[in-house]
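Pasted below: final06.txt, compact mmCIF, N, CA and C atoms.
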```txt
# COMPACT_ATOMS: atom_id res chain seq x y z
N MET A 4 74.02 3.23 -10.96
CA MET A 4 74.68 2.92 -9.71
C MET A 4 73.65 2.30 -8.75
N ASN A 5 74.03 1.21 -8.12
CA ASN A 5 73.15 0.51 -7.19
C ASN A 5 73.65 0.73 -5.76
N ARG A 6 73.47 1.94 -5.30
CA ARG A 6 73.96 2.34 -3.99
C ARG A 6 73.03 1.81 -2.89
N PRO A 7 73.59 1.14 -1.84
CA PRO A 7 72.71 0.61 -0.79
C PRO A 7 72.14 1.74 0.08
N SER A 8 70.96 1.46 0.64
CA SER A 8 70.39 2.40 1.61
C SER A 8 71.27 2.35 2.87
N TRP A 9 71.05 3.30 3.78
CA TRP A 9 71.80 3.28 5.04
C TRP A 9 71.54 1.98 5.79
N ASP A 10 70.29 1.54 5.84
CA ASP A 10 69.98 0.30 6.54
C ASP A 10 70.70 -0.89 5.91
N GLU A 11 70.70 -0.98 4.59
CA GLU A 11 71.40 -2.07 3.91
C GLU A 11 72.90 -2.01 4.18
N TYR A 12 73.45 -0.81 4.13
CA TYR A 12 74.89 -0.59 4.35
C TYR A 12 75.31 -1.08 5.73
N PHE A 13 74.58 -0.64 6.76
CA PHE A 13 74.97 -1.01 8.12
C PHE A 13 74.66 -2.47 8.42
N MET A 14 73.63 -3.03 7.79
CA MET A 14 73.37 -4.46 7.99
C MET A 14 74.48 -5.29 7.36
N GLU A 15 74.99 -4.86 6.22
CA GLU A 15 76.13 -5.56 5.62
C GLU A 15 77.34 -5.50 6.55
N MET A 16 77.52 -4.39 7.26
CA MET A 16 78.61 -4.30 8.23
C MET A 16 78.39 -5.30 9.37
N ALA A 17 77.14 -5.44 9.82
CA ALA A 17 76.82 -6.41 10.89
C ALA A 17 77.11 -7.83 10.41
N GLU A 18 76.77 -8.12 9.15
CA GLU A 18 77.03 -9.45 8.59
C GLU A 18 78.53 -9.72 8.51
N LEU A 19 79.31 -8.72 8.13
CA LEU A 19 80.75 -8.87 8.09
C LEU A 19 81.30 -9.09 9.50
N THR A 20 80.79 -8.34 10.47
CA THR A 20 81.23 -8.47 11.85
C THR A 20 80.94 -9.87 12.38
N ALA A 21 79.81 -10.45 11.99
CA ALA A 21 79.44 -11.80 12.43
C ALA A 21 80.47 -12.85 12.02
N LYS A 22 81.22 -12.58 10.97
CA LYS A 22 82.23 -13.53 10.51
C LYS A 22 83.36 -13.72 11.51
N ARG A 23 83.47 -12.80 12.48
CA ARG A 23 84.49 -12.92 13.54
C ARG A 23 84.00 -13.78 14.70
N SER A 24 82.72 -14.16 14.69
CA SER A 24 82.14 -14.95 15.78
C SER A 24 82.90 -16.25 16.01
N THR A 25 82.98 -16.63 17.28
CA THR A 25 83.59 -17.92 17.62
C THR A 25 82.54 -18.91 18.14
N CYS A 26 81.27 -18.51 18.11
CA CYS A 26 80.19 -19.39 18.57
C CYS A 26 80.03 -20.55 17.60
N MET A 27 79.84 -21.74 18.15
CA MET A 27 79.70 -22.93 17.32
C MET A 27 78.26 -23.15 16.86
N ARG A 28 77.30 -22.44 17.44
CA ARG A 28 75.89 -22.64 17.11
C ARG A 28 75.33 -21.58 16.18
N ARG A 29 75.74 -20.33 16.37
CA ARG A 29 75.16 -19.24 15.59
C ARG A 29 76.14 -18.07 15.57
N SER A 30 76.44 -17.58 14.38
CA SER A 30 77.30 -16.40 14.24
C SER A 30 76.41 -15.16 14.18
N VAL A 31 76.64 -14.23 15.09
CA VAL A 31 75.84 -13.01 15.17
C VAL A 31 76.76 -11.80 15.17
N GLY A 32 76.36 -10.78 14.44
CA GLY A 32 77.11 -9.53 14.43
C GLY A 32 76.18 -8.37 14.74
N ALA A 33 76.75 -7.31 15.34
CA ALA A 33 75.98 -6.12 15.67
C ALA A 33 76.81 -4.87 15.38
N VAL A 34 76.14 -3.84 14.92
CA VAL A 34 76.78 -2.55 14.68
C VAL A 34 75.87 -1.48 15.30
N ILE A 35 76.45 -0.63 16.13
CA ILE A 35 75.70 0.48 16.71
C ILE A 35 76.06 1.74 15.93
N VAL A 36 75.02 2.44 15.52
CA VAL A 36 75.17 3.60 14.64
C VAL A 36 74.52 4.82 15.29
N LYS A 37 75.20 5.95 15.15
CA LYS A 37 74.64 7.21 15.61
C LYS A 37 74.98 8.27 14.56
N ASP A 38 73.98 9.00 14.13
CA ASP A 38 74.16 10.03 13.11
C ASP A 38 74.82 9.47 11.85
N ASN A 39 74.37 8.29 11.42
CA ASN A 39 74.89 7.60 10.23
C ASN A 39 76.38 7.31 10.29
N ARG A 40 76.88 7.10 11.50
CA ARG A 40 78.28 6.71 11.70
C ARG A 40 78.33 5.51 12.63
N ALA A 41 79.08 4.48 12.24
CA ALA A 41 79.25 3.31 13.09
C ALA A 41 80.13 3.71 14.28
N VAL A 42 79.63 3.50 15.49
CA VAL A 42 80.39 3.87 16.69
C VAL A 42 80.90 2.65 17.46
N ALA A 43 80.32 1.46 17.19
CA ALA A 43 80.79 0.25 17.88
C ALA A 43 80.29 -0.97 17.12
N THR A 44 81.07 -2.05 17.22
CA THR A 44 80.68 -3.32 16.63
C THR A 44 80.84 -4.42 17.67
N GLY A 45 80.19 -5.53 17.44
CA GLY A 45 80.34 -6.67 18.34
C GLY A 45 79.93 -7.95 17.66
N TYR A 46 80.52 -9.03 18.09
CA TYR A 46 80.15 -10.36 17.62
C TYR A 46 80.12 -11.28 18.83
N ASN A 47 79.47 -12.43 18.71
CA ASN A 47 79.38 -13.32 19.86
C ASN A 47 80.64 -14.17 19.97
N GLY A 48 81.16 -14.22 21.19
CA GLY A 48 82.36 -14.98 21.48
C GLY A 48 82.73 -14.87 22.95
N ALA A 49 83.65 -15.71 23.37
CA ALA A 49 84.08 -15.75 24.77
C ALA A 49 84.73 -14.44 25.20
N PRO A 50 84.62 -14.09 26.48
CA PRO A 50 85.28 -12.88 26.98
C PRO A 50 86.80 -12.95 26.81
N LYS A 51 87.43 -11.79 26.87
CA LYS A 51 88.89 -11.71 26.76
C LYS A 51 89.56 -12.68 27.74
N GLY A 52 90.53 -13.41 27.23
CA GLY A 52 91.31 -14.31 28.08
C GLY A 52 90.64 -15.62 28.43
N ILE A 53 89.43 -15.84 27.94
CA ILE A 53 88.69 -17.07 28.20
C ILE A 53 88.69 -17.92 26.92
N ALA A 54 88.91 -19.21 27.07
CA ALA A 54 88.96 -20.10 25.91
C ALA A 54 87.61 -20.16 25.20
N HIS A 55 87.66 -20.16 23.89
CA HIS A 55 86.46 -20.32 23.08
C HIS A 55 86.01 -21.78 23.15
N CYS A 56 84.74 -22.01 22.85
CA CYS A 56 84.16 -23.35 22.96
C CYS A 56 84.92 -24.38 22.13
N GLU A 57 85.37 -23.98 20.94
CA GLU A 57 86.09 -24.94 20.10
C GLU A 57 87.37 -25.41 20.77
N ASN A 58 87.92 -24.60 21.69
CA ASN A 58 89.13 -24.98 22.43
C ASN A 58 88.79 -25.66 23.76
N ARG A 59 87.49 -25.79 24.05
CA ARG A 59 87.03 -26.43 25.28
C ARG A 59 86.43 -27.80 25.01
N GLY A 60 86.49 -28.23 23.79
CA GLY A 60 85.90 -29.53 23.45
C GLY A 60 84.46 -29.44 23.00
N GLY A 61 83.99 -28.23 22.72
CA GLY A 61 82.64 -28.07 22.19
C GLY A 61 81.78 -27.12 23.00
N CYS A 62 80.58 -26.93 22.50
CA CYS A 62 79.61 -26.03 23.11
C CYS A 62 78.86 -26.75 24.24
N ILE A 63 78.86 -26.16 25.42
CA ILE A 63 78.18 -26.75 26.58
C ILE A 63 76.69 -26.91 26.31
N ARG A 64 76.07 -25.86 25.76
CA ARG A 64 74.62 -25.90 25.52
C ARG A 64 74.27 -26.96 24.49
N GLN A 65 75.13 -27.11 23.49
CA GLN A 65 74.89 -28.13 22.47
C GLN A 65 75.03 -29.53 23.07
N GLN A 66 76.04 -29.72 23.91
CA GLN A 66 76.24 -31.01 24.55
C GLN A 66 75.08 -31.39 25.46
N MET A 67 74.42 -30.38 26.04
CA MET A 67 73.29 -30.61 26.94
C MET A 67 71.94 -30.60 26.21
N ASN A 68 72.00 -30.45 24.87
CA ASN A 68 70.78 -30.39 24.04
C ASN A 68 69.83 -29.28 24.47
N VAL A 69 70.39 -28.13 24.82
CA VAL A 69 69.57 -26.97 25.19
C VAL A 69 69.04 -26.34 23.91
N PRO A 70 67.72 -26.16 23.81
CA PRO A 70 67.16 -25.54 22.61
C PRO A 70 67.63 -24.10 22.43
N SER A 71 67.68 -23.67 21.19
CA SER A 71 68.05 -22.30 20.87
C SER A 71 67.12 -21.34 21.60
N GLY A 72 67.68 -20.26 22.14
CA GLY A 72 66.88 -19.25 22.82
C GLY A 72 66.67 -19.51 24.30
N GLN A 73 67.25 -20.60 24.83
CA GLN A 73 67.06 -20.94 26.24
C GLN A 73 68.39 -21.12 26.96
N ARG A 74 68.34 -20.94 28.28
CA ARG A 74 69.47 -21.19 29.19
C ARG A 74 70.77 -20.47 28.78
N HIS A 75 70.65 -19.18 28.49
CA HIS A 75 71.82 -18.38 28.08
C HIS A 75 72.91 -18.35 29.14
N GLU A 76 72.55 -18.56 30.40
CA GLU A 76 73.55 -18.52 31.47
C GLU A 76 74.59 -19.63 31.33
N LEU A 77 74.29 -20.66 30.55
CA LEU A 77 75.23 -21.75 30.34
C LEU A 77 76.26 -21.46 29.25
N CYS A 78 76.02 -20.43 28.49
CA CYS A 78 76.88 -20.10 27.35
C CYS A 78 78.15 -19.38 27.81
N MET A 79 79.27 -19.75 27.22
CA MET A 79 80.56 -19.11 27.53
C MET A 79 80.71 -17.75 26.84
N ALA A 80 79.89 -17.51 25.83
CA ALA A 80 80.06 -16.31 25.00
C ALA A 80 79.24 -15.13 25.50
N LEU A 81 79.76 -13.96 25.20
CA LEU A 81 78.96 -12.73 25.26
C LEU A 81 78.25 -12.63 23.93
N HIS A 82 77.07 -12.04 23.94
CA HIS A 82 76.34 -11.85 22.69
C HIS A 82 76.88 -10.64 21.94
N ALA A 83 76.61 -10.60 20.65
CA ALA A 83 77.11 -9.52 19.79
C ALA A 83 76.67 -8.15 20.30
N GLU A 84 75.39 -8.05 20.71
CA GLU A 84 74.86 -6.78 21.22
C GLU A 84 75.59 -6.35 22.49
N GLN A 85 75.85 -7.32 23.37
CA GLN A 85 76.57 -7.03 24.60
C GLN A 85 77.97 -6.50 24.29
N ASN A 86 78.67 -7.19 23.38
CA ASN A 86 80.02 -6.75 23.03
C ASN A 86 80.03 -5.38 22.38
N ALA A 87 79.03 -5.07 21.56
CA ALA A 87 78.97 -3.74 20.93
C ALA A 87 78.72 -2.65 21.97
N ILE A 88 77.80 -2.90 22.90
CA ILE A 88 77.52 -1.92 23.96
C ILE A 88 78.75 -1.72 24.84
N ILE A 89 79.43 -2.81 25.18
CA ILE A 89 80.65 -2.73 25.99
C ILE A 89 81.74 -1.95 25.24
N GLN A 90 81.88 -2.22 23.94
CA GLN A 90 82.89 -1.52 23.15
C GLN A 90 82.62 -0.02 23.12
N ALA A 91 81.36 0.36 22.95
CA ALA A 91 81.00 1.78 22.94
C ALA A 91 81.38 2.42 24.27
N ALA A 92 81.05 1.74 25.36
CA ALA A 92 81.38 2.27 26.69
C ALA A 92 82.89 2.38 26.89
N ALA A 93 83.62 1.36 26.48
CA ALA A 93 85.08 1.36 26.65
C ALA A 93 85.74 2.48 25.85
N MET A 94 85.14 2.83 24.71
CA MET A 94 85.70 3.88 23.86
C MET A 94 85.13 5.27 24.21
N GLY A 95 84.21 5.32 25.17
CA GLY A 95 83.63 6.60 25.57
C GLY A 95 82.64 7.15 24.56
N ASN A 96 82.01 6.28 23.77
CA ASN A 96 81.05 6.72 22.76
C ASN A 96 79.62 6.60 23.28
N SER A 97 78.91 7.71 23.30
CA SER A 97 77.50 7.67 23.68
C SER A 97 76.70 7.01 22.58
N ILE A 98 75.81 6.11 22.97
CA ILE A 98 74.93 5.45 22.00
C ILE A 98 73.48 5.84 22.23
N GLU A 99 73.25 6.78 23.13
CA GLU A 99 71.91 7.31 23.42
C GLU A 99 71.27 7.81 22.13
N GLY A 100 70.10 7.29 21.81
CA GLY A 100 69.40 7.71 20.60
C GLY A 100 69.85 7.02 19.33
N GLY A 101 70.78 6.08 19.44
CA GLY A 101 71.33 5.41 18.26
C GLY A 101 70.47 4.27 17.76
N THR A 102 70.98 3.63 16.73
CA THR A 102 70.36 2.46 16.11
C THR A 102 71.32 1.30 16.23
N ILE A 103 70.78 0.11 16.51
CA ILE A 103 71.61 -1.10 16.51
C ILE A 103 71.13 -2.00 15.38
N TYR A 104 72.08 -2.41 14.55
CA TYR A 104 71.84 -3.35 13.46
C TYR A 104 72.39 -4.69 13.93
N ILE A 105 71.52 -5.72 13.89
CA ILE A 105 71.89 -7.04 14.39
C ILE A 105 71.48 -8.09 13.36
N THR A 106 72.33 -9.06 13.16
CA THR A 106 72.00 -10.09 12.19
C THR A 106 70.83 -10.96 12.65
N HIS A 107 70.56 -11.01 13.95
CA HIS A 107 69.46 -11.79 14.52
C HIS A 107 68.75 -10.97 15.59
N GLN A 108 67.47 -11.27 15.81
CA GLN A 108 66.71 -10.61 16.87
C GLN A 108 67.43 -10.81 18.21
N PRO A 109 67.46 -9.80 19.06
CA PRO A 109 68.11 -9.96 20.37
C PRO A 109 67.33 -10.89 21.30
N CYS A 110 68.05 -11.51 22.23
CA CYS A 110 67.43 -12.31 23.28
C CYS A 110 66.91 -11.35 24.36
N ALA A 111 66.24 -11.88 25.37
CA ALA A 111 65.67 -11.05 26.43
C ALA A 111 66.75 -10.30 27.21
N ILE A 112 67.88 -10.95 27.46
CA ILE A 112 68.97 -10.30 28.20
C ILE A 112 69.49 -9.10 27.41
N CYS A 113 69.75 -9.30 26.14
CA CYS A 113 70.25 -8.21 25.29
C CYS A 113 69.19 -7.13 25.10
N ALA A 114 67.92 -7.53 25.02
CA ALA A 114 66.83 -6.55 24.88
C ALA A 114 66.86 -5.58 26.05
N LYS A 115 67.03 -6.09 27.25
CA LYS A 115 67.07 -5.22 28.44
C LYS A 115 68.29 -4.30 28.41
N MET A 116 69.42 -4.80 27.93
CA MET A 116 70.62 -3.96 27.82
C MET A 116 70.42 -2.87 26.77
N ILE A 117 69.81 -3.22 25.66
CA ILE A 117 69.54 -2.25 24.59
C ILE A 117 68.64 -1.14 25.12
N ILE A 118 67.59 -1.50 25.83
CA ILE A 118 66.68 -0.51 26.40
C ILE A 118 67.43 0.45 27.31
N ASN A 119 68.19 -0.09 28.25
CA ASN A 119 68.88 0.77 29.22
C ASN A 119 70.04 1.55 28.63
N SER A 120 70.55 1.12 27.48
CA SER A 120 71.65 1.86 26.84
C SER A 120 71.16 3.13 26.15
N GLY A 121 69.85 3.21 25.93
CA GLY A 121 69.30 4.39 25.28
C GLY A 121 69.16 4.26 23.77
N ILE A 122 69.47 3.09 23.23
CA ILE A 122 69.29 2.86 21.79
C ILE A 122 67.79 2.99 21.49
N LYS A 123 67.47 3.67 20.40
CA LYS A 123 66.07 3.95 20.08
C LYS A 123 65.53 3.18 18.88
N ARG A 124 66.42 2.50 18.16
CA ARG A 124 65.96 1.78 16.96
C ARG A 124 66.73 0.47 16.84
N ILE A 125 66.00 -0.60 16.50
CA ILE A 125 66.60 -1.93 16.34
C ILE A 125 66.25 -2.44 14.94
N VAL A 126 67.27 -2.80 14.18
CA VAL A 126 67.08 -3.34 12.83
C VAL A 126 67.74 -4.72 12.80
N ILE A 127 66.98 -5.73 12.36
CA ILE A 127 67.50 -7.09 12.31
C ILE A 127 67.35 -7.67 10.91
N LYS A 128 68.08 -8.75 10.67
CA LYS A 128 67.94 -9.47 9.41
C LYS A 128 67.13 -10.75 9.61
N GLU A 129 67.38 -11.45 10.72
CA GLU A 129 66.71 -12.73 10.97
C GLU A 129 66.09 -12.75 12.36
N GLY A 130 65.09 -13.60 12.54
CA GLY A 130 64.44 -13.75 13.83
C GLY A 130 65.25 -14.61 14.79
N TYR A 131 64.69 -14.81 15.98
CA TYR A 131 65.31 -15.62 17.02
C TYR A 131 64.19 -16.11 17.93
N PRO A 132 64.24 -17.34 18.39
CA PRO A 132 63.12 -17.88 19.17
C PRO A 132 63.07 -17.38 20.62
N ASP A 133 62.78 -16.10 20.80
CA ASP A 133 62.68 -15.53 22.14
C ASP A 133 61.55 -14.50 22.15
N GLU A 134 60.34 -14.98 22.40
CA GLU A 134 59.17 -14.11 22.40
C GLU A 134 59.19 -13.12 23.56
N LEU A 135 59.82 -13.49 24.68
CA LEU A 135 59.92 -12.57 25.81
C LEU A 135 60.67 -11.31 25.41
N ALA A 136 61.74 -11.47 24.63
CA ALA A 136 62.52 -10.31 24.18
C ALA A 136 61.65 -9.34 23.40
N ALA A 137 60.86 -9.87 22.48
CA ALA A 137 60.00 -9.01 21.66
C ALA A 137 58.98 -8.29 22.53
N SER A 138 58.42 -8.97 23.53
CA SER A 138 57.43 -8.32 24.38
C SER A 138 58.06 -7.27 25.29
N ILE A 139 59.27 -7.52 25.78
CA ILE A 139 59.99 -6.53 26.60
C ILE A 139 60.26 -5.28 25.78
N LEU A 140 60.75 -5.47 24.56
CA LEU A 140 61.05 -4.34 23.69
C LEU A 140 59.79 -3.55 23.34
N ALA A 141 58.72 -4.26 23.05
CA ALA A 141 57.45 -3.60 22.72
C ALA A 141 56.95 -2.77 23.90
N GLU A 142 57.03 -3.32 25.10
CA GLU A 142 56.58 -2.59 26.28
C GLU A 142 57.40 -1.33 26.50
N ALA A 143 58.68 -1.38 26.12
CA ALA A 143 59.56 -0.22 26.26
C ALA A 143 59.40 0.77 25.10
N GLY A 144 58.54 0.42 24.13
CA GLY A 144 58.31 1.32 23.00
C GLY A 144 59.31 1.17 21.88
N LEU A 145 60.03 0.08 21.86
CA LEU A 145 61.01 -0.17 20.79
C LEU A 145 60.48 -1.25 19.85
N GLU A 146 60.42 -0.92 18.58
CA GLU A 146 59.99 -1.90 17.59
C GLU A 146 61.20 -2.53 16.95
N ILE A 147 61.03 -3.80 16.58
CA ILE A 147 62.08 -4.50 15.84
C ILE A 147 61.73 -4.37 14.36
N GLU A 148 62.63 -3.77 13.59
CA GLU A 148 62.43 -3.64 12.15
C GLU A 148 63.24 -4.71 11.45
N LYS A 149 62.59 -5.50 10.62
CA LYS A 149 63.28 -6.57 9.89
C LYS A 149 63.51 -6.14 8.45
N ILE A 150 64.76 -6.26 7.98
CA ILE A 150 65.04 -5.94 6.59
C ILE A 150 65.60 -7.16 5.89
```
Target format structure tokens, applied to this file:
Amino acid sequence: MNRPSWDEYFMEMAELTAKRSTCMRRSVGAVIVKDNRAVATGYNGAPKGIAHCENRGGCIRQQMNVPSGQRHELCMALHAEQNAIIQAAAMGNSIEGGTIYITHQPCAICAKMIINSGIKRIVIKEGYPDELAASILAEAGLEIEKI
């Protein structure tokens, strides 16, 4: 039997969650886990009731040639980590001390949210061009584990 480790199992869930993404540039999924139980998921996409980029004629950042990892304020989407943290809060699930599995390294904005949410472990599959995020997380004592 080739049973996946817990990290592999939850990362596969994050990859599946990313398939719901509506972002035209990068599909990202996140799963927040506590006591080996998934308590929230999130993918990147426009907020409720807001048109997705494909219905707006394209991605604003792409049209402006904004490099990956920059000018997040121009993006119509919430990031996967943001949506997972919001979902946990909306459902009344504490994520203090939990682990977040993300298909890509978080940006600086998400890094700050992860720190303040009380998540203690971050597991990613792929990197992301945001060195500030990595330094913020390191200063807060959170390491990014890549699998």
Atomic distance atom N of Ile147 of chain A - atom C of Ala92 of chain A, expressed in Å with one decimal: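 Between atom N of Ile147 of chain A and atom C of Ala92 of chain A the gap is 24.9 Å.
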Residue contacts of Pro132 of chain A (7 Å, all atoms listed in the file) excluding same-chain residues fewer than 5 positions away, as number ranges by chain: A: 71-73
List as a PDB file with N, CA and C atoms, keeping the file's coordinate frame the protein and nucleic acid residues near segment 55-59 of chain A, meaning an atom at most 8 Å away when all atoms listed in the file are counted, but skip any in the same chain fewer than 2 places from it.
```
ATOM      1  N   THR A  25      82.980 -16.630  17.280  1.00  0.00           N
ATOM      2  CA  THR A  25      83.590 -17.920  17.620  1.00  0.00           C
ATOM      3  C   THR A  25      82.540 -18.910  18.140  1.00  0.00           C
ATOM      4  N   CYS A  26      81.270 -18.510  18.110  1.00  0.00           N
ATOM      5  CA  CYS A  26      80.190 -19.390  18.570  1.00  0.00           C
ATOM      6  C   CYS A  26      80.030 -20.550  17.600  1.00  0.00           C
ATOM      7  N   MET A  27      79.840 -21.740  18.150  1.00  0.00           N
ATOM      8  CA  MET A  27      79.700 -22.930  17.320  1.00  0.00           C
ATOM      9  C   MET A  27      78.260 -23.150  16.860  1.00  0.00           C
ATOM     10  N   GLY A  48      81.160 -14.220  21.190  1.00  0.00           N
ATOM     11  CA  GLY A  48      82.360 -14.980  21.480  1.00  0.00           C
ATOM     12  C   GLY A  48      82.730 -14.870  22.950  1.00  0.00           C
ATOM     13  N   ALA A  49      83.650 -15.710  23.370  1.00  0.00           N
ATOM     14  CA  ALA A  49      84.080 -15.750  24.770  1.00  0.00           C
ATOM     15  C   ALA A  49      84.730 -14.440  25.200  1.00  0.00           C
ATOM     16  N   PRO A  50      84.620 -14.090  26.480  1.00  0.00           N
ATOM     17  CA  PRO A  50      85.280 -12.880  26.980  1.00  0.00           C
ATOM     18  C   PRO A  50      86.800 -12.950  26.810  1.00  0.00           C
ATOM     19  N   GLY A  52      90.530 -13.410  27.230  1.00  0.00           N
ATOM     20  CA  GLY A  52      91.310 -14.310  28.080  1.00  0.00           C
ATOM     21  C   GLY A  52      90.640 -15.620  28.430  1.00  0.00           C
ATOM     22  N   ILE A  53      89.430 -15.840  27.940  1.00  0.00           N
ATOM     23  CA  ILE A  53      88.690 -17.070  28.200  1.00  0.00           C
ATOM     24  C   ILE A  53      88.690 -17.920  26.920  1.00  0.00           C
ATOM     25  N   GLY A  61      83.990 -28.230  22.720  1.00  0.00           N
ATOM     26  CA  GLY A  61      82.640 -28.070  22.190  1.00  0.00           C
ATOM     27  C   GLY A  61      81.780 -27.120  23.000  1.00  0.00           C
ATOM     28  N   CYS A  62      80.580 -26.930  22.500  1.00  0.00           N
ATOM     29  CA  CYS A  62      79.610 -26.030  23.110  1.00  0.00           C
ATOM     30  C   CYS A  62      78.860 -26.750  24.240  1.00  0.00           C
ATOM     31  N   ILE A  63      78.860 -26.160  25.420  1.00  0.00           N
ATOM     32  CA  ILE A  63      78.180 -26.750  26.580  1.00  0.00           C
ATOM     33  C   ILE A  63      76.690 -26.910  26.310  1.00  0.00           C
ATOM     34  N   MET A  79      79.270 -19.750  27.220  1.00  0.00           N
ATOM     35  CA  MET A  79      80.560 -19.110  27.530  1.00  0.00           C
ATOM     36  C   MET A  79      80.710 -17.750  26.840  1.00  0.00           C
ATOM     37  N   ALA A  80      79.890 -17.510  25.830  1.00  0.00           N
ATOM     38  CA  ALA A  80      80.060 -16.310  25.000  1.00  0.00           C
ATOM     39  C   ALA A  80      79.240 -15.130  25.500  1.00  0.00           C
TER      40      ALA A  80
END
```
Residue among A:Lys115, A:His107, A:Arg40, A:Lys128 lying closest to Met14 of chain A, counting only C-alpha atoms: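 Residue with the minimum atom-to-atom distance to Met14 of chain A: A:Lys128.
Distances here use only C-alpha atoms; by that measure, the residue among A:Ser8, A:Gln108, A:Thr44, A:Ser30 closest to Asn96 of chain A is A:Thr44.
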Nearby residues (all atoms listed in the file) at most 8 Å from Leu19 of chain A, same-chain spacing under 4 positions excluded, as a list of chain:residue names: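 Once the adjacent positions are removed, what remains is A:Phe13, A:Met14, A:Glu15, A:Arg23, A:Ser24, A:Val31, A:Gly32, A:Ala33.
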Two-atom distance - atom CA of Met67 of chain A, atom C of Arg28 of chain A (Å):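 Separation between atom CA of Met67 of chain A and atom C of Arg28 of chain A: 14.2 Å.
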Atomic separation - atom CA of Ala91 of chain A relative to atom CA of Ala137 of chain A, Å: 23.6 Å
For Gln90 of chain A, the nearest of the candidates A:Ile112, A:Ala43, A:Val126, A:Ile105, counting only N, CA and C atoms: A:Ala43
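Among the candidate residues A:Val36, A:Ile118, A:Val42, A:Val69, the one lying nearest to Ala143 of chain A is A:Ile118, with distances computed using all atoms listed in the file.
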DSSP strand (DSSP E or B) residues within chain A, as an NGL selection string: :A and (32-37 or 40-46 or 48 or 81 or 102-107 or 124-129 or 147-149)
Chain A: residues DSSP assigns to helix (DSSP H, G or I), reported as a PyMOL selection string: chain A and resi 9-21+56-58+63-66+75-77+83-94+111-120+134-142
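You can rank A:Cys78, A:Glu11, A:Lys123, A:Gln85 by their closest distance to Gly144 of chain A using only N, CA and C atoms, and at the top of that list sits A:Lys123.
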Output, as JSON, the centre and edge lengths in Å (one decimal) of the axis-aligned box that contains all listed atoms of segment 35-52 of chain A with 8 Å of margin on each side.
```
{"center_x": 82.6, "center_y": -2.9, "center_z": 19.3, "size_x": 33.3, "size_y": 41.8, "size_z": 34.2}
```
Among the residues A:His75, A:Ser120, A:Asn68, A:Lys149, the one that comes closest to Ser97 of chain A [using only N, CA and C atoms]: A:Ser120
Output segment 129-139 of chain A with N, CA, C and O atoms present, as a short mmCIF file (atom, residue, chain, number, x, y, z; two decimals), keeping the file's coordinate frame.
```
data_model
loop_
_atom_site.label_atom_id
_atom_site.label_comp_id
_atom_site.auth_asym_id
_atom_site.auth_seq_id
_atom_site.Cartn_x
_atom_site.Cartn_y
_atom_site.Cartn_z
N GLU A 129 67.38 -11.45 10.72
CA GLU A 129 66.71 -12.73 10.97
C GLU A 129 66.09 -12.75 12.36
O GLU A 129 66.53 -12.04 13.26
N GLY A 130 65.09 -13.60 12.54
CA GLY A 130 64.44 -13.75 13.83
C GLY A 130 65.25 -14.61 14.79
O GLY A 130 66.36 -15.07 14.47
N TYR A 131 64.69 -14.81 15.98
CA TYR A 131 65.31 -15.62 17.02
C TYR A 131 64.19 -16.11 17.93
O TYR A 131 63.27 -15.34 18.21
N PRO A 132 64.24 -17.34 18.39
CA PRO A 132 63.12 -17.88 19.17
C PRO A 132 63.07 -17.38 20.62
O PRO A 132 63.30 -18.13 21.56
N ASP A 133 62.78 -16.10 20.80
CA ASP A 133 62.68 -15.53 22.14
C ASP A 133 61.55 -14.50 22.15
O ASP A 133 61.77 -13.32 21.90
N GLU A 134 60.34 -14.98 22.40
CA GLU A 134 59.17 -14.11 22.40
C GLU A 134 59.19 -13.12 23.56
O GLU A 134 58.64 -12.02 23.44
N LEU A 135 59.82 -13.49 24.68
CA LEU A 135 59.92 -12.57 25.81
C LEU A 135 60.67 -11.31 25.41
O LEU A 135 60.28 -10.21 25.77
N ALA A 136 61.74 -11.47 24.63
CA ALA A 136 62.52 -10.31 24.18
C ALA A 136 61.65 -9.34 23.40
O ALA A 136 61.68 -8.13 23.64
N ALA A 137 60.86 -9.87 22.48
CA ALA A 137 60.00 -9.01 21.66
C ALA A 137 58.98 -8.29 22.53
O ALA A 137 58.70 -7.10 22.31
N SER A 138 58.42 -8.97 23.53
CA SER A 138 57.43 -8.32 24.38
C SER A 138 58.06 -7.27 25.29
O SER A 138 57.47 -6.21 25.53
N ILE A 139 59.27 -7.52 25.78
CA ILE A 139 59.99 -6.53 26.60
C ILE A 139 60.26 -5.28 25.78
O ILE A 139 60.03 -4.15 26.24
#
```
